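Text of final_13.txt (compact mmCIF, C-alpha atoms) as supplied:
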```
# COMPACT_ATOMS: atom_id res chain seq x y z
CA ASP A 566 -2.95 -19.37 1.29
CA ARG A 567 -4.63 -15.95 1.48
CA ALA A 568 -6.94 -16.70 -1.45
CA TRP A 569 -9.52 -18.06 1.01
CA TYR A 570 -8.88 -15.51 3.75
CA LEU A 571 -12.04 -13.65 4.85
CA ASN A 572 -11.84 -10.36 6.74
CA LEU A 573 -14.22 -10.45 9.68
CA ILE A 574 -13.04 -7.14 11.11
CA HIS A 575 -11.51 -4.08 9.51
CA GLY A 576 -8.83 -3.51 12.09
CA TYR A 577 -6.61 -5.56 14.34
CA PHE A 578 -6.94 -8.42 16.82
CA GLU A 579 -4.41 -9.94 19.20
CA GLN A 580 -4.76 -12.15 22.26
CA THR A 581 -1.98 -13.22 24.60
CA GLN A 582 -1.45 -14.55 28.09
CA CYS A 583 0.93 -13.02 30.59
CA SER A 584 1.66 -12.84 34.29
CA VAL A 585 1.07 -9.78 36.47
CA PHE A 586 2.41 -10.02 40.04
CA GLY A 587 2.45 -13.82 39.68
CA ARG A 588 -1.18 -14.01 38.54
CA ARG A 589 -1.92 -15.30 35.04
CA ILE A 590 -4.16 -13.14 32.84
CA SER A 591 -5.41 -13.16 29.29
CA LEU A 592 -5.08 -9.85 27.44
CA THR A 593 -7.13 -9.19 24.29
CA LEU A 594 -6.72 -6.13 22.08
CA ILE A 595 -9.27 -5.38 19.35
CA ALA A 596 -9.11 -2.35 17.07
CA ARG A 597 -12.19 -1.81 14.91
CA ARG A 598 -11.85 0.68 12.07
CA SER A 599 -14.97 2.32 10.68
CA ARG A 600 -15.76 1.73 7.02
CA LEU A 601 -17.98 4.82 6.75
CA PHE A 602 -15.33 7.51 6.07
CA ALA A 603 -12.14 5.47 5.85
CA GLY A 604 -9.05 6.45 3.94
CA THR A 605 -5.31 6.83 4.12
CA ARG A 606 -4.41 8.68 7.30
CA TYR A 607 -2.70 11.64 5.62
CA LEU A 608 -5.15 11.92 2.73
CA LYS A 609 -8.51 11.61 4.52
CA ARG A 610 -9.27 14.24 7.15
CA GLY A 611 -12.19 15.87 8.90
CA LEU A 612 -15.89 15.22 8.66
CA SER A 613 -18.36 13.98 6.05
CA ASN A 614 -21.71 15.66 5.40
CA ARG A 615 -23.38 12.82 7.36
CA GLY A 616 -21.34 13.49 10.50
CA LYS A 617 -18.90 10.60 10.08
CA VAL A 618 -15.29 11.42 10.92
CA ALA A 619 -12.27 10.21 8.99
CA ASN A 620 -10.15 7.39 10.36
CA ASP A 621 -12.50 6.48 13.20
CA VAL A 622 -10.95 3.66 15.23
CA GLU A 623 -12.38 2.04 18.36
CA VAL A 624 -9.82 0.16 20.46
CA GLU A 625 -10.97 -2.27 23.15
CA GLN A 626 -8.72 -3.87 25.76
CA ILE A 627 -10.14 -6.91 27.57
CA VAL A 628 -8.39 -8.46 30.57
CA ASN A 629 -9.50 -11.89 31.89
CA GLY A 630 -8.24 -13.36 35.13
CA PHE A 631 -7.54 -17.06 35.65
CA ASP A 632 -8.77 -19.13 38.57
CA ARG A 633 -5.78 -20.06 40.76
CA VAL A 634 -7.13 -23.54 41.51
CA THR A 635 -8.36 -24.79 38.11
CA ASP A 636 -6.08 -22.59 35.94
CA GLN A 637 -9.07 -21.95 33.66
CA THR A 638 -10.42 -18.54 32.68
CA ALA A 639 -12.37 -17.30 35.70
CA THR A 640 -16.06 -16.77 34.97
CA GLY A 641 -17.13 -13.17 35.43
CA ARG A 642 -13.63 -11.91 36.24
CA PHE A 643 -12.79 -9.55 33.42
CA SER A 644 -12.53 -5.88 32.65
CA SER A 645 -12.95 -4.00 29.41
CA TYR A 646 -11.73 -0.54 28.44
CA VAL A 647 -12.81 1.14 25.18
CA GLN A 648 -11.07 4.11 23.61
CA ASN A 649 -12.13 5.92 20.45
CA ARG A 650 -9.86 8.02 18.25
CA ALA A 651 -10.68 9.80 15.03
CA SER A 652 -10.14 12.93 13.01
CA ILE A 653 -11.28 16.30 14.39
CA PRO A 654 -15.02 16.63 13.58
CA LEU A 655 -14.77 19.73 11.36
CA PHE A 656 -14.62 20.19 7.59
CA TRP A 657 -10.85 20.38 7.11
CA THR A 658 -7.96 18.95 5.16
CA GLN A 659 -4.19 19.16 4.81
CA GLN A 660 -2.09 19.09 1.69
CA GLY A 661 0.27 16.13 1.89
CA ARG A 662 3.66 17.50 0.88
CA ARG A 663 7.09 16.16 1.59
CA MET A 664 9.57 18.19 3.60
CA VAL A 665 6.90 20.19 5.46
CA ALA A 666 6.94 19.45 9.18
CA LYS A 667 3.55 21.04 9.90
CA PRO A 668 1.29 21.20 6.86
CA GLU A 669 -1.22 24.05 6.85
CA ILE A 670 -4.75 23.18 7.98
CA ILE A 671 -7.34 24.19 5.40
CA LEU A 672 -10.96 24.67 6.46
CA GLN A 673 -13.02 23.44 3.50
CA LYS A 674 -16.42 24.84 4.42
CA GLN A 675 -18.19 26.49 7.29
CA ASP A 676 -20.80 24.94 9.56
CA PRO A 677 -21.67 27.94 11.80
CA LEU A 678 -24.40 26.08 13.70
CA GLY A 679 -22.28 22.96 14.14
CA LEU A 680 -25.06 20.73 12.82
CA THR A 681 -22.77 18.17 11.21
CA THR A 682 -20.42 18.15 14.19
CA GLY A 683 -23.52 17.65 16.35
CA ARG A 684 -24.45 14.57 14.28
CA HIS A 685 -21.02 13.15 15.05
CA PHE A 686 -21.47 13.59 18.82
CA GLN A 687 -25.04 12.26 18.71
CA ASP A 688 -23.64 9.12 17.08
CA LEU A 689 -21.01 8.80 19.83
CA PHE A 690 -23.69 9.15 22.54
CA ARG A 691 -25.84 6.56 20.77
CA ARG A 692 -22.95 4.07 20.58
CA TYR A 693 -21.38 4.62 24.01
CA GLY A 694 -23.93 6.46 26.16
CA SER A 695 -23.36 9.77 27.89
CA PRO A 696 -20.58 10.25 30.45
```
How would this structure read if it were set down as structure tokens?
Amino acid sequence: DRAWYLNLIHGYFEQTQCSVFGRRISLTLIARRSRLFAGTRYLKRGLSNRGKVANDVEVEQIVNGFDRVTDQTATGRFSSYVQNRASIPLFWTQQGRRMVAKPEIILQKQDPLGLTTGRHFQDLFRRYGSP
């Protein structure tokens, strides 16, 4: 019964076990969707005044190896890969119309100094560090 269901993550989670070259691994996929400028993909675009981009999703893939002797998850033998995708960090939108293959991109306002776009990248550096 979904009446007592509590969302712990706005996104997606799946975990499975599989075999790669005869070696058993555990594969975990977590997609975390930001709540700060969320919306329907085709109706929410661009950047907010606070530097938050629309439809910001962080996807993490975690791979754990298994010990060949004990068949338990091997301690310290894992890898993690994080990918971030989101709307282009500019003030823009598109009109959602049917039958138009490539809707026109409309720039809503100008940010000649790129201050708001800069806030977006500062947030990314704060969360993930610099390359």
Gap from atom CA of Arg597 of chain A to atom CA of Leu672 of chain A - Å, one decimal: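 For atom CA of Arg597 of chain A relative to atom CA of Leu672 of chain A, the distance reads 27.8 Å.
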Who sits within 10 Å of Asn620 of chain A, all atoms listed in the file, same chain under 3 positions skipped, as a count of residues only: 20
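For the pair atom CA of Val585 of chain A and atom CA of Val628 of chain A, the separation is 11.2 Å.
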Which residue of A:Ile590, A:Leu655, A:Ala568, A:Leu608 approaches Leu678 of chain A most closely, using only C-alpha atoms: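 Of the candidates, the smallest distance to Leu678 of chain A is held by A:Leu655.
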Need the axis-aligned box for segment 674-690 of chain A with 3 Å each side, so what are the centre and edges in Å to one decimal, as AutoDock Vina command-line options?
```
--center_x -20.7 --center_y 18.4 --center_z 13.5 --size_x 14.6 --size_y 25.1 --size_z 24.1
```
Separation of atom CA of Val624 of chain A from atom CA of Phe686 of chain A, in Å and rounded to one decimal: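 Going from atom CA of Val624 of chain A over to atom CA of Phe686 of chain A, I get 17.9 Å.
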Among the residues A:Gln659, A:Ser613, A:Asn629, A:Thr635, the one that comes closest to Leu680 of chain A [using all atoms listed in the file]: A:Ser613
Which of A:Ile627, A:Trp657, A:Gln675, A:Gln580 sits closest to Phe643 of chain A [using all atoms listed in the file]: A:Ile627
Long-range neighbours of Leu592 of chain A as number ranges by chain, 12 Å cut-off, all atoms listed in the file, 5 positions minimum in chain: A: 578-585, 625-631, 638, 643-646
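Residue nearest Ser591 of chain A within the list A:Gln648, A:Asp632, A:Arg684, A:Thr658: A:Asp632 [criterion: smallest interatomic distance, all atoms listed in the file].
Of the listed residues A:Phe656, A:Trp569, A:Tyr577, A:Phe690, the one whose atoms come nearest to Ala619 of chain A is A:Phe656, with distances taken using all atoms listed in the file.
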